[in-house]
>>> print(open('run-v2.tsv').read())   # TSV, C-alpha atoms
chain	number	residue	atom	x	y	z
A	1	MET	CA	-64.28	19.71	39.59
A	2	ASN	CA	-63.87	19.42	43.37
A	3	GLU	CA	-60.70	17.35	42.95
A	4	ARG	CA	-59.31	19.86	40.49
A	5	LEU	CA	-60.00	22.68	42.96
A	6	LYS	CA	-58.30	20.78	45.78
A	7	SER	CA	-55.32	20.12	43.53
A	8	MET	CA	-55.08	23.80	42.66
A	9	LEU	CA	-55.36	24.89	46.30
A	10	SER	CA	-52.67	22.44	47.36
A	11	HIS	CA	-50.19	23.65	44.74
A	12	ARG	CA	-47.19	25.21	46.46
A	13	LEU	CA	-47.43	28.43	44.37
A	14	PHE	CA	-51.18	28.98	44.62
A	15	TRP	CA	-51.25	30.94	47.88
A	16	PRO	CA	-48.20	33.13	47.13
A	17	VAL	CA	-49.74	34.01	43.76
A	18	ALA	CA	-53.09	34.69	45.43
A	19	VAL	CA	-51.45	37.00	47.99
A	20	LEU	CA	-49.60	38.87	45.24
A	21	VAL	CA	-52.83	39.33	43.28
A	22	VAL	CA	-54.67	40.55	46.39
A	23	MET	CA	-51.92	43.10	47.12
A	24	LEU	CA	-51.99	44.39	43.55
A	25	ALA	CA	-55.77	44.62	43.67
A	26	ALA	CA	-55.71	46.47	47.01
A	27	ASN	CA	-53.18	48.93	45.66
A	28	THR	CA	-55.28	49.48	42.54
A	29	ILE	CA	-58.34	50.22	44.67
A	30	TYR	CA	-56.37	52.59	46.90
A	31	ARG	CA	-54.66	54.25	43.94
A	32	PRO	CA	-56.43	53.60	40.59
A	33	GLY	CA	-53.32	54.39	38.53
A	34	PHE	CA	-51.16	51.85	40.38
A	35	LEU	CA	-50.95	49.42	37.45
A	36	ALA	CA	-50.66	52.09	34.77
A	37	VAL	CA	-47.66	51.72	32.45
A	38	GLU	CA	-46.62	54.37	29.94
A	39	VAL	CA	-43.96	54.73	27.26
A	40	ASN	CA	-41.58	57.67	27.55
A	41	ASN	CA	-38.63	58.10	25.17
A	42	GLY	CA	-38.96	54.49	24.12
A	43	HIS	CA	-38.84	53.17	27.71
A	44	LEU	CA	-41.60	51.67	29.82
A	45	TYR	CA	-42.35	53.44	33.10
A	46	GLY	CA	-44.83	52.75	35.89
A	47	THR	CA	-45.18	51.19	39.30
A	48	PRO	CA	-45.24	47.57	38.00
A	49	ILE	CA	-41.99	48.24	36.12
A	50	ASP	CA	-40.47	49.77	39.25
A	51	ILE	CA	-41.46	46.72	41.29
A	52	LEU	CA	-39.75	44.41	38.79
A	53	ARG	CA	-36.63	46.58	38.66
A	54	LEU	CA	-36.32	46.97	42.42
A	55	SER	CA	-36.97	43.23	42.91
A	56	ALA	CA	-33.95	42.32	40.75
A	57	PRO	CA	-31.28	42.57	43.51
A	58	LEU	CA	-33.44	40.59	45.93
A	59	ILE	CA	-34.10	37.94	43.27
A	60	LEU	CA	-30.36	37.56	42.70
A	61	VAL	CA	-29.60	37.23	46.41
A	62	GLY	CA	-32.59	34.90	46.80
A	63	LEU	CA	-31.34	32.54	44.07
A	64	GLY	CA	-28.05	32.00	45.88
A	65	MET	CA	-29.80	31.77	49.25
A	66	THR	CA	-32.13	29.09	47.86
A	67	LEU	CA	-29.22	26.83	46.97
A	68	VAL	CA	-27.57	27.39	50.35
A	69	ILE	CA	-30.77	26.66	52.27
A	70	SER	CA	-31.44	23.56	50.17
A	71	THR	CA	-28.21	22.07	51.58
A	72	GLY	CA	-29.47	22.73	55.11
A	73	GLY	CA	-27.34	25.86	55.56
A	74	ILE	CA	-27.90	29.61	55.78
A	75	ASP	CA	-25.93	32.60	54.53
A	76	LEU	CA	-26.20	35.72	56.68
A	77	SER	CA	-23.25	37.43	54.98
A	78	VAL	CA	-24.86	38.27	51.63
A	79	GLY	CA	-25.69	41.83	52.68
A	80	SER	CA	-22.08	42.50	53.65
A	81	ILE	CA	-20.87	40.96	50.39
A	82	CYS	CA	-23.21	43.31	48.50
A	83	ALA	CA	-21.64	46.26	50.31
A	84	ILE	CA	-18.06	45.05	49.77
A	85	SER	CA	-18.48	44.32	46.06
A	86	GLY	CA	-20.20	47.65	45.44
A	87	ALA	CA	-17.52	49.50	47.41
A	88	ILE	CA	-14.63	47.90	45.52
A	89	ALA	CA	-16.23	48.57	42.13
A	90	CYS	CA	-17.06	52.21	42.93
A	91	LEU	CA	-13.64	52.83	44.47
A	92	HIS	CA	-11.84	51.66	41.34
A	93	ILE	CA	-14.11	53.67	39.06
A	94	SER	CA	-13.79	56.82	41.19
A	95	GLN	CA	-9.99	56.71	40.89
A	96	ALA	CA	-10.03	56.36	37.10
A	97	PRO	CA	-9.35	59.43	34.91
A	98	ASP	CA	-12.29	58.47	32.66
A	99	GLN	CA	-15.15	56.94	34.61
A	100	ASN	CA	-17.13	56.22	31.44
A	101	ASN	CA	-14.42	54.02	29.98
A	102	LEU	CA	-15.79	50.50	29.45
A	103	ALA	CA	-12.46	48.84	30.23
A	104	THR	CA	-12.37	50.64	33.58
A	105	VAL	CA	-15.91	49.56	34.43
A	106	PHE	CA	-15.32	45.92	33.44
A	107	THR	CA	-12.07	45.85	35.42
A	108	ALA	CA	-13.92	47.21	38.46
A	109	LEU	CA	-16.63	44.57	38.10
A	110	ALA	CA	-14.06	41.79	37.71
A	111	MET	CA	-12.13	42.92	40.80
A	112	ALA	CA	-15.28	43.16	42.91
A	113	LEU	CA	-16.61	39.81	41.68
A	114	GLY	CA	-13.25	38.17	42.40
A	115	ALA	CA	-13.29	39.53	45.95
A	116	ALA	CA	-16.84	38.22	46.43
A	117	LEU	CA	-15.83	34.77	45.21
A	118	VAL	CA	-12.98	34.73	47.74
A	119	LEU	CA	-15.43	35.65	50.51
A	120	GLY	CA	-17.83	32.96	49.36
A	121	ALA	CA	-14.99	30.44	49.36
A	122	TRP	CA	-14.15	31.56	52.92
A	123	ASN	CA	-17.70	30.77	54.02
A	124	GLY	CA	-17.57	27.47	52.17
A	125	VAL	CA	-14.34	26.41	53.84
A	126	LEU	CA	-15.63	27.31	57.31
A	127	VAL	CA	-18.79	25.27	56.79
A	128	SER	CA	-17.72	22.32	54.62
A	129	VAL	CA	-14.10	21.80	55.66
A	130	ILE	CA	-13.77	23.07	59.24
A	131	GLY	CA	-17.34	22.12	60.14
A	132	ILE	CA	-18.53	25.34	61.77
A	133	GLN	CA	-22.31	25.71	61.88
A	134	PRO	CA	-23.49	27.78	58.87
A	135	ILE	CA	-25.28	30.41	60.95
A	136	ILE	CA	-22.09	31.06	62.97
A	137	ALA	CA	-19.72	30.90	60.01
A	138	THR	CA	-21.68	33.40	57.95
A	139	LEU	CA	-22.45	35.59	60.96
A	140	ILE	CA	-18.71	36.15	61.28
A	141	LEU	CA	-18.53	37.60	57.77
A	142	MET	CA	-21.82	39.44	58.24
A	143	VAL	CA	-20.23	41.45	61.07
A	144	ALA	CA	-16.65	41.63	59.82
A	145	GLY	CA	-17.78	42.31	56.25
A	146	ARG	CA	-19.35	45.63	57.21
A	147	GLY	CA	-16.04	46.65	58.73
A	148	LEU	CA	-14.25	45.54	55.57
A	149	ALA	CA	-16.62	47.60	53.42
A	150	GLN	CA	-16.01	50.61	55.66
A	151	LEU	CA	-12.28	50.00	55.34
A	152	VAL	CA	-12.54	50.03	51.53
A	153	THR	CA	-14.51	53.28	51.53
A	154	GLU	CA	-12.52	54.74	54.47
A	155	GLY	CA	-15.82	55.44	56.21
A	156	GLN	CA	-16.99	57.75	53.45
A	157	ILE	CA	-19.68	57.50	50.77
A	158	ILE	CA	-17.93	57.07	47.42
A	159	THR	CA	-19.79	58.83	44.63
A	160	ILE	CA	-19.16	58.18	40.94
A	161	ASN	CA	-20.38	59.55	37.64
A	162	SER	CA	-20.14	56.57	35.32
A	163	GLY	CA	-22.81	56.04	32.69
A	164	PRO	CA	-21.90	52.39	31.92
A	165	TYR	CA	-21.92	51.46	35.61
A	166	ARG	CA	-25.15	53.34	36.27
A	167	ALA	CA	-26.75	51.36	33.41
A	168	ILE	CA	-26.52	48.19	35.53
A	169	GLY	CA	-29.22	49.56	37.80
A	170	LEU	CA	-30.96	52.22	35.74
A	171	GLY	CA	-30.22	51.34	32.11
A	172	HIS	CA	-32.80	50.02	29.63
A	173	LEU	CA	-32.87	47.25	27.05
A	174	LEU	CA	-35.79	46.60	24.70
A	175	THR	CA	-37.87	49.25	26.58
A	176	LEU	CA	-37.40	47.45	29.94
A	177	PRO	CA	-34.86	48.11	32.72
A	178	LEU	CA	-31.60	46.23	32.20
A	179	ALA	CA	-31.72	45.00	35.82
A	180	ILE	CA	-34.74	42.85	34.95
A	181	PHE	CA	-32.82	41.10	32.18
A	182	ILE	CA	-29.81	40.55	34.46
A	183	ALA	CA	-31.99	38.93	37.12
A	184	LEU	CA	-33.85	36.90	34.49
A	185	GLY	CA	-30.59	35.74	32.94
A	186	ALA	CA	-29.22	34.68	36.33
A	187	ALA	CA	-32.45	32.80	37.12
A	188	LEU	CA	-32.37	30.98	33.78
A	189	LEU	CA	-28.70	30.09	34.23
A	190	VAL	CA	-29.22	28.70	37.74
A	191	ALA	CA	-32.35	26.84	36.60
A	192	ALA	CA	-30.51	25.33	33.62
A	193	LEU	CA	-27.64	24.15	35.81
A	194	THR	CA	-29.83	22.69	38.54
A	195	ARG	CA	-32.85	21.42	36.61
A	196	ARG	CA	-31.32	20.36	33.30
A	197	SER	CA	-28.53	18.40	34.93
A	198	ALA	CA	-28.01	16.20	37.95
A	199	LEU	CA	-26.59	19.10	39.96
A	200	GLY	CA	-29.94	20.12	41.44
A	201	MET	CA	-30.72	16.58	42.57
A	202	ILE	CA	-27.26	16.25	44.10
A	203	ILE	CA	-27.70	19.51	46.04
A	204	GLU	CA	-31.12	18.38	47.28
A	205	SER	CA	-29.73	15.00	48.34
A	206	VAL	CA	-27.01	16.72	50.36
A	207	GLY	CA	-29.64	18.83	52.11
A	208	GLY	CA	-31.95	15.87	52.65
A	209	ASN	CA	-29.31	13.62	54.23
A	210	ARG	CA	-25.66	14.62	53.94
A	211	GLU	CA	-24.30	11.40	55.39
A	212	ALA	CA	-26.41	9.21	53.12
A	213	SER	CA	-25.40	11.22	50.08
A	214	ARG	CA	-21.75	10.86	51.07
A	215	LEU	CA	-22.12	7.11	51.40
A	216	ALA	CA	-23.76	7.09	47.95
A	217	GLY	CA	-20.60	8.53	46.44
A	218	ILE	CA	-21.52	12.24	46.41
A	219	ARG	CA	-18.84	14.64	47.58
A	220	SER	CA	-21.08	16.51	49.99
A	221	ALA	CA	-18.41	18.91	51.22
A	222	ARG	CA	-17.66	20.00	47.65
A	223	MET	CA	-21.35	20.70	46.98
A	224	VAL	CA	-21.68	22.73	50.18
A	225	PHE	CA	-18.57	24.71	49.26
A	226	LEU	CA	-19.99	25.36	45.78
A	227	VAL	CA	-23.33	26.79	46.91
A	228	TYR	CA	-21.66	29.35	49.19
A	229	VAL	CA	-19.47	30.51	46.31
A	230	VAL	CA	-22.54	30.82	44.05
A	231	SER	CA	-24.40	32.71	46.77
A	232	ALA	CA	-21.52	35.19	47.06
A	233	ALA	CA	-21.43	35.68	43.27
A	234	CYS	CA	-25.17	36.44	43.20
A	235	ALA	CA	-24.77	38.87	46.11
A	236	ALA	CA	-21.93	40.64	44.27
A	237	VAL	CA	-24.07	41.28	41.19
A	238	ALA	CA	-26.87	42.48	43.46
A	239	GLY	CA	-24.36	44.84	45.08
A	240	PHE	CA	-23.53	46.27	41.67
A	241	MET	CA	-27.21	47.00	41.09
A	242	MET	CA	-27.70	48.60	44.50
A	243	THR	CA	-24.75	50.96	44.12
A	244	ALA	CA	-25.53	51.68	40.46
A	245	ASN	CA	-29.04	52.81	41.42
A	246	VAL	CA	-27.62	55.66	43.51
A	247	SER	CA	-24.22	56.05	41.78
A	248	SER	CA	-22.49	55.70	45.13
A	249	ALA	CA	-21.19	53.14	47.59
A	250	ASP	CA	-22.13	53.30	51.26
A	251	GLY	CA	-20.33	50.56	53.16
A	252	ASN	CA	-22.62	50.94	56.16
A	253	ASN	CA	-26.04	50.84	54.49
A	254	ALA	CA	-25.66	49.09	51.13
A	255	GLY	CA	-27.44	45.74	51.24
A	256	LEU	CA	-28.43	46.24	54.87
A	257	TRP	CA	-30.78	43.42	56.03
A	258	VAL	CA	-31.15	42.06	52.47
A	259	GLU	CA	-30.21	38.65	53.88
A	260	LEU	CA	-33.41	38.61	55.95
A	261	ASP	CA	-35.57	39.55	52.97
A	262	ALA	CA	-33.85	36.84	50.93
A	263	ILE	CA	-34.56	34.20	53.58
A	264	LEU	CA	-38.21	35.32	53.70
A	265	ALA	CA	-38.45	35.13	49.90
A	266	VAL	CA	-37.07	31.58	49.95
A	267	VAL	CA	-39.48	30.48	52.70
A	268	ILE	CA	-42.49	32.12	51.03
A	269	GLY	CA	-41.51	30.30	47.84
A	270	GLY	CA	-41.91	26.93	49.55
A	271	THR	CA	-38.30	25.90	50.23
A	272	SER	CA	-37.88	24.38	53.68
A	273	LEU	CA	-35.22	25.76	56.01
A	274	ALA	CA	-34.46	22.15	56.93
A	275	GLY	CA	-32.99	21.60	53.47
A	276	GLY	CA	-33.88	19.25	50.63
A	277	ARG	CA	-36.20	20.26	47.81
A	278	PHE	CA	-35.87	23.81	46.55
A	279	TYR	CA	-38.05	25.93	44.27
A	280	LEU	CA	-36.42	28.72	42.28
A	281	SER	CA	-39.71	29.93	40.82
A	282	GLY	CA	-41.14	30.18	44.33
A	283	THR	CA	-38.18	32.28	45.46
A	284	ILE	CA	-38.67	34.70	42.56
A	285	LEU	CA	-42.34	34.98	43.45
A	286	GLY	CA	-41.45	35.55	47.09
A	287	ALA	CA	-39.10	38.39	46.12
A	288	LEU	CA	-41.86	40.01	44.08
A	289	ILE	CA	-44.24	39.73	47.04
A	290	ILE	CA	-41.75	41.38	49.40
A	291	GLN	CA	-41.02	44.23	46.98
A	292	THR	CA	-44.73	44.72	46.26
A	293	LEU	CA	-45.33	44.85	50.00
A	294	THR	CA	-42.58	47.45	50.40
A	295	THR	CA	-44.07	49.53	47.59
A	296	THR	CA	-47.50	49.20	49.18
A	297	VAL	CA	-46.18	50.48	52.51
A	298	TYR	CA	-44.70	53.55	50.82
A	299	ALA	CA	-47.78	54.15	48.66
A	300	MET	CA	-50.09	54.09	51.69
A	301	ASN	CA	-47.86	56.53	53.61
A	302	ILE	CA	-47.33	54.11	56.47
A	303	SER	CA	-44.76	55.53	58.87
A	304	PRO	CA	-41.31	53.92	58.83
A	305	GLN	CA	-41.71	53.01	62.50
A	306	THR	CA	-44.67	50.73	61.75
A	307	ALA	CA	-43.67	49.64	58.23
A	308	LEU	CA	-41.53	46.74	59.42
A	309	LEU	CA	-44.28	45.52	61.75
A	310	PHE	CA	-46.81	45.68	58.91
A	311	LYS	CA	-44.41	43.78	56.69
A	312	ALA	CA	-43.83	41.10	59.33
A	313	VAL	CA	-47.57	40.55	59.83
A	314	VAL	CA	-48.16	40.07	56.11
A	315	VAL	CA	-45.22	37.67	55.74
A	316	ILE	CA	-46.40	35.60	58.71
A	317	ALA	CA	-49.88	35.45	57.20
A	318	VAL	CA	-48.48	34.25	53.86
A	319	CYS	CA	-46.40	31.55	55.54
A	320	LEU	CA	-49.37	30.36	57.61
A	321	ILE	CA	-51.93	30.11	54.82
A	322	GLN	CA	-49.58	28.09	52.65
A	323	ALA	CA	-48.69	25.68	55.46
A	324	PRO	CA	-50.67	22.42	54.92
A	325	ALA	CA	-50.84	21.64	58.65
A	326	PHE	CA	-52.30	25.07	59.46
A	327	ARG	CA	-54.87	24.86	56.64
A	328	ALA	CA	-55.89	21.35	57.73
A	329	LYS	CA	-56.38	22.45	61.33
A	330	LEU	CA	-58.34	25.52	60.22
A	331	SER	CA	-60.52	23.38	57.95
A	332	ARG	CA	-61.29	20.90	60.75
A	333	ARG	CA	-62.21	23.71	63.13
A	334	ARG	CA	-64.49	25.31	60.53
A	335	ARG	CA	-66.29	22.01	59.92
A	336	GLY	CA	-66.36	21.20	63.63
A	337	THR	CA	-64.46	17.96	63.05
A	338	PRO	CA	-62.75	16.65	66.20
A	339	PRO	CA	-59.00	16.12	66.05
A	340	PRO	CA	-57.79	12.61	65.14
A	341	PRO	CA	-57.67	10.19	68.10
A	342	ALA	CA	-54.40	9.70	69.87
A	343	SER	CA	-52.48	6.55	69.16
A	344	THR	CA	-52.38	3.65	71.63
A	345	GLN	CA	-48.82	4.49	72.57
A	346	GLN	CA	-49.74	8.10	73.31
A	347	ARG	CA	-52.70	7.02	75.48
A	348	GLN	CA	-50.45	4.66	77.45
A	349	LYS	CA	-47.98	7.49	78.07
A	350	GLU	CA	-50.79	9.72	79.31
A	351	GLU	CA	-52.08	7.00	81.66
A	352	VAL	CA	-48.59	6.45	83.09
A	353	THR	CA	-48.16	10.19	83.59
A	354	ALA	CA	-51.52	10.40	85.36
>>> encode(input="run-v2.tsv", output="structure tokens")
Amino acid sequence: MNERLKSMLSHRLFWPVAVLVVMLAANTIYRPGFLAVEVNNGHLYGTPIDILRLSAPLILVGLGMTLVISTGGIDLSVGSICAISGAIACLHISQAPDQNNLATVFTALAMALGAALVLGAWNGVLVSVIGIQPIIATLILMVAGRGLAQLVTEGQIITINSGPYRAIGLGHLLTLPLAIFIALGAALLVAALTRRSALGMIIESVGGNREASRLAGIRSARMVFLVYVVSAACAAVAGFMMTANVSSADGNNAGLWVELDAILAVVIGGTSLAGGRFYLSGTILGALIIQTLTTTVYAMNISPQTALLFKAVVVIAVCLIQAPAFRAKLSRRRRGTPPPPASTQQRQKEEVTA
């Protein structure tokens, strides 16, 4: 029984799940109707449904970010790509004589997705071909992308009145929000491509040791290029959801700081920023934790000035309690066990220094 408990505690998803359960329980105590779900006009409504729906854009961005981080990179431009894709789609729809026409909406989505793929390819070329560090390469588009989004919208907020487009963020399917099914479909597609084929192992090998994978016959540069394109595609769909939720495109605020939440979701899910092994299920769980935390902040009427600080403290706590080294040190201190003795080489260095 003790071994089974240790195995459960050491599982990479145990502590994130425990934190999520604790947050839900705390919210239920603070507000007894927090977990209540009701049916209205054949649709499910309630705070848990809202958390799932609002988590969908972050899940999408997190899926792409997971693949990028697994190669040892980072993508800071996803927020700008969300804004650009949403702006292009809304601009095309706003200029159409019939905004509810399906052909118009699909054309707008195709144009915006194509632009996002070009931007993702730009990041991929900078990183994999030219050799610029990922944080610098994507920082360029993070800054310039906001200007590009403002250029598309001409510095204005573009409002639309399109039912089909609004359905991306607020529509329902089988009593649940359509956004949940879009995020679930994207997660299943990425999981099928990376876990039911050799693609996932190849991506992990590139992140673990790019030079060794190249010498083994893997085209590392091509894999790096691919993950940035996939990340941009996921960000574009997330941008559609964000703008559909409010039926408008704001080039300055759409997707603002979503890249940081996505990185936090990936880290909470157990994927190392150093690259290598990645965990899609952990990223999804991390996105749910972040959105639940955001909902908790609003439900408890915490002021916006302290909300980010509260959020940072909780995220740091989650990362610490799931870190094996931190738990081992905490366990030794609780038992009063002295730290392991220094090696002979370390003692010799200390004697020489003295």
>>> residues_around(input="run-v2.tsv", residues="segment 13-17 of chain A", least_positions_apart="3", cutoff="8 Å", atoms="only C-alpha atoms", output="list of chain:residue names")
A:Met8, A:Leu9, A:Ser10, A:Leu20, A:Val21, A:Ile268, A:Gly269, A:Gly270, A:Gly282, A:Leu285, A:Gly286, A:Ile289, A:Val318, A:Ile321, A:Gln322
>>> residues_near_point(input="run-v2.tsv", point="(-21.3, 44.8, 43.1)", cutoff="9 Å", atoms="all atoms listed in the file", output="mmCIF file with C-alpha atoms, in the coordinates of the input")
data_model
loop_
_atom_site.group_PDB
_atom_site.id
_atom_site.type_symbol
_atom_site.label_atom_id
_atom_site.label_comp_id
_atom_site.auth_asym_id
_atom_site.auth_seq_id
_atom_site.Cartn_x
_atom_site.Cartn_y
_atom_site.Cartn_z
ATOM 1 C CA ILE A 81 -20.870 40.960 50.390
ATOM 2 C CA CYS A 82 -23.210 43.310 48.500
ATOM 3 C CA ALA A 83 -21.640 46.260 50.310
ATOM 4 C CA ILE A 84 -18.060 45.050 49.770
ATOM 5 C CA SER A 85 -18.480 44.320 46.060
ATOM 6 C CA GLY A 86 -20.200 47.650 45.440
ATOM 7 C CA ALA A 87 -17.520 49.500 47.410
ATOM 8 C CA ILE A 88 -14.630 47.900 45.520
ATOM 9 C CA ALA A 89 -16.230 48.570 42.130
ATOM 10 C CA CYS A 90 -17.060 52.210 42.930
ATOM 11 C CA LEU A 109 -16.630 44.570 38.100
ATOM 12 C CA ALA A 112 -15.280 43.160 42.910
ATOM 13 C CA LEU A 113 -16.610 39.810 41.680
ATOM 14 C CA ALA A 116 -16.840 38.220 46.430
ATOM 15 C CA ALA A 235 -24.770 38.870 46.110
ATOM 16 C CA ALA A 236 -21.930 40.640 44.270
ATOM 17 C CA VAL A 237 -24.070 41.280 41.190
ATOM 18 C CA ALA A 238 -26.870 42.480 43.460
ATOM 19 C CA GLY A 239 -24.360 44.840 45.080
ATOM 20 C CA PHE A 240 -23.530 46.270 41.670
ATOM 21 C CA MET A 241 -27.210 47.000 41.090
ATOM 22 C CA MET A 242 -27.700 48.600 44.500
ATOM 23 C CA THR A 243 -24.750 50.960 44.120
ATOM 24 C CA ALA A 244 -25.530 51.680 40.460
#
>>> atom_distance(input="run-v2.tsv", atom1="atom CA of Leu188 of chain A", atom2="atom CA of Ser281 of chain A")
10.2 Å
>>> atom_distance(input="run-v2.tsv", atom1="atom CA of Val230 of chain A", atom2="atom CA of Met65 of chain A")
9.0 Å
>>> atom_distance(input="run-v2.tsv", atom1="atom CA of Ser272 of chain A", atom2="atom CA of Gly207 of chain A")
10.1 Å
>>> residues_near_point(input="run-v2.tsv", point="(-35.7, 23.2, 53.5)", cutoff="12 Å", atoms="only C-alpha atoms", output="PyMOL selection string")
chain A and resi 65-74+203-209+263+266-279
>>> closest_residue(input="run-v2.tsv", among="A:Arg146, A:Gly124, A:Ala262, A:Thr294", to="Gly62 of chain A", atoms="all atoms listed in the file")
A:Ala262
>>> closest_residue(input="run-v2.tsv", among="A:Ala191, A:Asp250, A:Ala183, A:His43", to="Glu154 of chain A", atoms="all atoms listed in the file")
A:Asp250
>>> closest_residue(input="run-v2.tsv", among="A:Ile59, A:Ile290, A:Ala198, A:Ile140", to="Gly185 of chain A", atoms="all atoms listed in the file")
A:Ile59
>>> closest_residue(input="run-v2.tsv", among="A:Asp98, A:Arg31, A:Leu141, A:Ala187", to="Val118 of chain A", atoms="all atoms listed in the file")
A:Leu141
>>> closest_residue(input="run-v2.tsv", among="A:Ala249, A:Leu35, A:Val224, A:Ala232", to="Thr159 of chain A", atoms="all atoms listed in the file")
A:Ala249
>>> residues_around(input="run-v2.tsv", residues="Leu24 of chain A", least_positions_apart="6", cutoff="12 Å", atoms="all atoms listed in the file", output="short mmCIF file (atom, residue, chain, number, x, y, z; two decimals) with C-alpha atoms, in the coordinates of the input")
data_model
loop_
_atom_site.label_atom_id
_atom_site.label_comp_id
_atom_site.auth_asym_id
_atom_site.auth_seq_id
_atom_site.Cartn_x
_atom_site.Cartn_y
_atom_site.Cartn_z
CA VAL A 17 -49.74 34.01 43.76
CA ALA A 18 -53.09 34.69 45.43
CA TYR A 30 -56.37 52.59 46.90
CA ARG A 31 -54.66 54.25 43.94
CA PRO A 32 -56.43 53.60 40.59
CA GLY A 33 -53.32 54.39 38.53
CA PHE A 34 -51.16 51.85 40.38
CA LEU A 35 -50.95 49.42 37.45
CA ALA A 36 -50.66 52.09 34.77
CA THR A 47 -45.18 51.19 39.30
CA PRO A 48 -45.24 47.57 38.00
CA ILE A 51 -41.46 46.72 41.29
CA LEU A 288 -41.86 40.01 44.08
CA ILE A 289 -44.24 39.73 47.04
CA GLN A 291 -41.02 44.23 46.98
CA THR A 292 -44.73 44.72 46.26
CA LEU A 293 -45.33 44.85 50.00
CA THR A 295 -44.07 49.53 47.59
CA THR A 296 -47.50 49.20 49.18
CA ALA A 299 -47.78 54.15 48.66
#
>>> residues_around(input="run-v2.tsv", residues="Val190 of chain A", least_positions_apart="4", cutoff="9 Å", atoms="all atoms listed in the file", output="list in words")
Leu63, Gly64, Gly185, Ala186, Thr194, Arg195 and Leu280 of chain A
>>> residues_around(input="run-v2.tsv", residues="Val258 of chain A", least_positions_apart="6", cutoff="9 Å", atoms="all atoms listed in the file", output="list in words")
Pro57, Leu58, Val61, Val78, Gly79 and Cys82 of chain A
>>> axis_aligned_box(input="run-v2.tsv", around="segment 191-207 of chain A", padding_each_side="6 Å", output="AutoDock Vina command-line options")
--center_x -29.7 --center_y 20.9 --center_z 42.7 --size_x 18.3 --size_y 23.8 --size_z 30.8
>>> closest_residue(input="run-v2.tsv", among="A:Ile136, A:Leu308, A:Ile93, A:Ile182", to="Leu52 of chain A", atoms="all atoms listed in the file")
A:Ile182
>>> residues_around(input="run-v2.tsv", residues="Gln99 of chain A", least_positions_apart="5", cutoff="12 Å", atoms="all atoms listed in the file", output="compact mmCIF listing (two decimals) with C-alpha atoms, in the coordinates of the input")
# COMPACT_ATOMS: atom_id res chain seq x y z
CA ALA A 89 -16.23 48.57 42.13
CA CYS A 90 -17.06 52.21 42.93
CA LEU A 91 -13.64 52.83 44.47
CA HIS A 92 -11.84 51.66 41.34
CA ILE A 93 -14.11 53.67 39.06
CA SER A 94 -13.79 56.82 41.19
CA THR A 104 -12.37 50.64 33.58
CA VAL A 105 -15.91 49.56 34.43
CA PHE A 106 -15.32 45.92 33.44
CA THR A 107 -12.07 45.85 35.42
CA ALA A 108 -13.92 47.21 38.46
CA THR A 159 -19.79 58.83 44.63
CA ILE A 160 -19.16 58.18 40.94
CA ASN A 161 -20.38 59.55 37.64
CA SER A 162 -20.14 56.57 35.32
CA GLY A 163 -22.81 56.04 32.69
CA PRO A 164 -21.90 52.39 31.92
CA TYR A 165 -21.92 51.46 35.61
CA ARG A 166 -25.15 53.34 36.27
CA SER A 247 -24.22 56.05 41.78
